[in-house]
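Below: one structure, written as structure tokens.
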Protein chains: 4
Amino acid sequence: MLQFLNSHSMTPAAAALKPRKSPVQARSTATVEALHTATIQVLTREGLSRCTTTRVAQRAGMSVGSLYQYYPNRDALLAAVLAKHLDGIASAVEHTCREHRGGPVSAMAAALVAAFLAAKLRDPGESKALYAVAGERGGAELVARVHARMEAEITAMLESAADARFDDAAATAAIALNALVGPVRAVLEGNVPPGFEARLEGQLALLLGAYLQASRIPRREHARR
Amino acid sequence: MLQFLNSHSMTPAAAALKPRKSPVQARSTATVEALHTATIQVLTREGLSRCTTTRVAQRAGMSVGSLYQYYPNRDALLAAVLAKHLDGIASAVEHTCREHRGGPVSAMAAALVAAFLAAKLRDPGESKALYAVAGERGGAELVARVHARMEAEITAMLESAADARFDDAAATAAIALNALVGPVRAVLEGNVPPGFEARLEGQLALLLGAYLQASRIPRREHARR
Amino acid sequence: MLQFLNSHSMTPAAAALKPRKSPVQARSTATVEALHTATIQVLTREGLSRCTTTRVAQRAGMSVGSLYQYYPNRDALLAAVLAKHLDGIASAVEHTCREHRGGPVSAMAAALVAAFLAAKLRDPGESKALYAVAGERGGAELVARVHARMEAEITAMLESAADARFDDAAATAAIALNALVGPVRAVLEGNVPPGFEARLEGQLALLLGAYLQASRIPRREHARR
Amino acid sequence: MLQFLNSHSMTPAAAALKPRKSPVQARSTATVEALHTATIQVLTREGLSRCTTTRVAQRAGMSVGSLYQYYPNRDALLAAVLAKHLDGIASAVEHTCREHRGGPVSAMAAALVAAFLAAKLRDPGESKALYAVAGERGGAELVARVHARMEAEITAMLESAADARFDDAAATAAIALNALVGPVRAVLEGNVPPGFEARLEGQLALLLGAYLQASRIPRREHARR
DNA sequence: CATGAATGAGTCTTCATTCAT
DNA sequence: GATGAATGAAGACTCATTCAT
């Protein structure tokens, strides 16, 4: 979890974004939690550019100074909040991928969609608020790292499929994952036709299912029959 | 073109973002062009938060004062640049959709992918730079409007298909369009497996083609012939 | 003049201290002048640590923003004020040194003392205020550079003496210059016995005269007589 | 020792700088010692403005709270460190002066130079680090007080000279002491010609010796013998 | 019309100091 | 006594916007 925040394998630029203290103690955990929540709220109510450290601290019920005891600067705070969010999604995807190794492709598609949607829509406000953060310099890198993690898991899952082989599983995984992102964002931001939300999961399962079936190279034993 | 910037059907907040003068004169057009280019460059080199009016004007070879002759404020400038970008894509998609009305779904899928990719990758730097702008408050609205436009066109195209009927063409169009967004962004930001770019168009065509085929309700009369 | 502010032969750290615009226009000159005066005043009334950019700007009758149009940061402002002060002294010393080349050592001693004192005591408040600045990181470097310049001039003067030769003129020059610094500072800061000021120039001339005489290696023609 | 820190004859401003407790216990002494050392180190590595109480405490291996058990505020800590440093020098000078009472001026000059140099160069890092502190408001007063003490001792020594009388021994003492300050500082800060350090003591002895000789009024009775 | 200096509110960030544990 | 988290005032610096020239 949150493995992309380890100091090793970290670019110098990214090093400055590391939180200052680990929330080991109960009080610290609560404080960090409050900051995360407050950040999401301010992001939602005010937007990224007006999401200032002062405002976040105020909404979290503490002084700016306290915020800076946990994060070395504003970007680190935003990065941490984004990282936590992304990590939740990655973990869910990861878990599902491992669970469906060796299964049939159709089950993989359905499970991947379900897991991704459940994670992403668990707290829609949070998901929506963080799109702006993900668009900024530091955010994009974080997204990249987490996506890489998920793509690796999906790739491994695809390669283990009982009923299919893929010419380039990594590419297929990349398409599969990223194809989910756009429709989900559209739903979160409300840019969809009326009644669309209800059909989202079904449509995405259809999308991924069809794509994976179309991408597969039938295994010899299947070909024989 | 740029129809979403007309004053009618514009929220009060959005009204402040309208450019001050229309580029009717040759000089104005050139100036606006220079500002757009400069904005992209500053966005790329400095990031959204350091993309200041002074810096943009300087890079465009004019004074800040002149910039303010064309745009009432910074947000209007950014909105205009994003709007122009999005409009280019919407126009391309629109054109293709009209061209393929009445054709077979497979051709629609291929054409849609090709048009979207060509438009989005024409100036990759520009596309990439604008993700941050699109993530901000005003940007998201713009994106929403343009997506709605494109979805309407795609819906119309789908409904005209010679070889298929769709249960909910609008929903299918929304999925189809938004499914392209994620993978393209991943490519633009370099977050893809090596060699992926070369396969992008083929994979997306496969994705969309498979999805549209899977979504269709075969027309009885067509099936008989 | 102010040659130590040229960009070539400047350490990277020192580069950040360069003023932003050259005061070429009349208004700029006045502005810069006002800032220098205000800085000295704030330094005197409040001390170095309370000499803030806001206070300086306020006393100079302008906004902080304006200050930052001329200096990239607080240190640059302080460095510029110190540099201007030191340059005045160095120029005076330089001028005197050139004037007394080829003369007798005693005249050199007297002239050096007179020039240094005149320059340093022209504006005692300024001189006193800048000691704190000279003690800080950037200030020490500036002092070093200006001292080097003066020592070079003094060395050249000593080597041209009509009635003496010096074993190590550079070392003698360094001692001579630096020996003046302490007593003058003591006077400026009021840490001297009553009635001392009146005797300062005489005593310093005595000090330097005696030292230079004691340091010289008599020239052969003198030895012959 | 540290007599200038006694409460009597102390201005109200200076009263706030007094340490909170005297280091009577062994532990206190060690703690104070650690704080002094840590202060010098932080001063050297970070500069005066970044020499914070937290950093000093940390480097001294204790909490900020503990630091405040020993010093009422940051300025008191800095003042104490400077005072201790200056006191060491003053004591050395004082001792030497008493030792050479009644002796010949030449011996006085040599001894004074030797004592001052030995004291000031014992820990060059410390001496150098404290120049910034000495330049600030409180520091200058401390320096003034210690210089006054040393001048008094030197004056007494000069007045006791076996082979000379001085017109104004106090003034001569002031010049003599302060003339040493500049060259020593130049050496400590490395602003000297190459190879200068080796000649420092000799040159300073020459400087002071020549000056004292030149300043003296030969005693008739001595001259006769 | 263009220019770019001036403005000053608003950010981020630091740090001396306190005090509950 | 020791600790170190919390505080919030204060400082450096930026930048959108205006307007005199």
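Going by the structure tokens order, chains are called A, B, ..., each with residues numbered from 1, while ligands are numbered from 1 in the order shown.
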
* Using only C-alpha atoms (C1' of nucleotides), which residues sit within 10 Å of Leu206 (chain D) once same-chain residues fewer than 4 positions away are excluded, as a list in words? ->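 Contacts, in chain order: Ala210, Tyr211, Leu212, Ala214 and Ser215 of chain C; Ser106, Ala109, Ala110, Val113, Leu200, Glu201, Gly202, Ala210, Tyr211 and Leu212 of chain D.
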
* Residues of chain D no more than 8 Å from chain C, counting only C-alpha atoms: send them over as a PyMOL selection string. => chain D and resi 47-49+131-137+144+147-148+170-172+174-175+178-183+186+189+191-193+196+199+203-204+206-208+210-211+214-215

List the neighbours of Arg20 (chain A) out to 7 Å using only C-alpha atoms (C1' of nucleotides); skip same-chain residues closer than 6 positions along the sequence, and give me the result as a CSV table (one decimal) with C-alpha atoms, in the first residue's frame.
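Full text of out-v4.csv as output:
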chain,number,residue,atom,x,y,z
A,69,GLN,CA,4.2,19.4,10.7
A,70,TYR,CA,2.7,16.6,8.6
A,71,TYR,CA,3.4,17.8,5.1
A,72,PRO,CA,6.4,19.9,4.0

With chain F as the partner and 8 Å as the cut-off, tabulate the residues of chain A that qualify, each row holding the nearest pair of atoms and their distance in Å to one decimal, using only C-alpha atoms (C1' of nucleotides), sorted by chain and rising number, as a tab-separated table.
residue	atom	partner	partner_atom	distance
A:Ser63	CA	F:DT7	C1'	6.4
A:Val64	CA	F:DG8	C1'	7.9
A:Gly65	CA	F:DT7	C1'	6.9
A:Ser66	CA	F:DA6	C1'	6.2

Would you write out those residues with N, CA and C atoms, as a JSON list (two decimals), in the first residue's frame?
[["chain", "number", "residue", "atom", "x", "y", "z"],
["A", 63, "SER", "N", -4.29, 24.72, 13.11],
["A", 63, "SER", "CA", -3.56, 25.86, 12.59],
["A", 63, "SER", "C", -2.69, 25.44, 11.40],
["A", 64, "VAL", "N", -2.31, 26.42, 10.59],
["A", 64, "VAL", "CA", -1.44, 26.10, 9.46],
["A", 64, "VAL", "C", -0.19, 25.39, 9.90],
["A", 65, "GLY", "N", 0.36, 25.86, 10.99],
["A", 65, "GLY", "CA", 1.59, 25.28, 11.49],
["A", 65, "GLY", "C", 1.47, 23.77, 11.67],
["A", 66, "SER", "N", 0.35, 23.35, 12.16],
["A", 66, "SER", "CA", 0.15, 21.91, 12.36],
["A", 66, "SER", "C", 0.14, 21.18, 11.04]]

* Identify all chain E residues at most 12 Å from chain D by counting only C-alpha atoms (C1' of nucleotides); ligands do not count. Present them as a ChimeraX atom specification. => /E:14-19
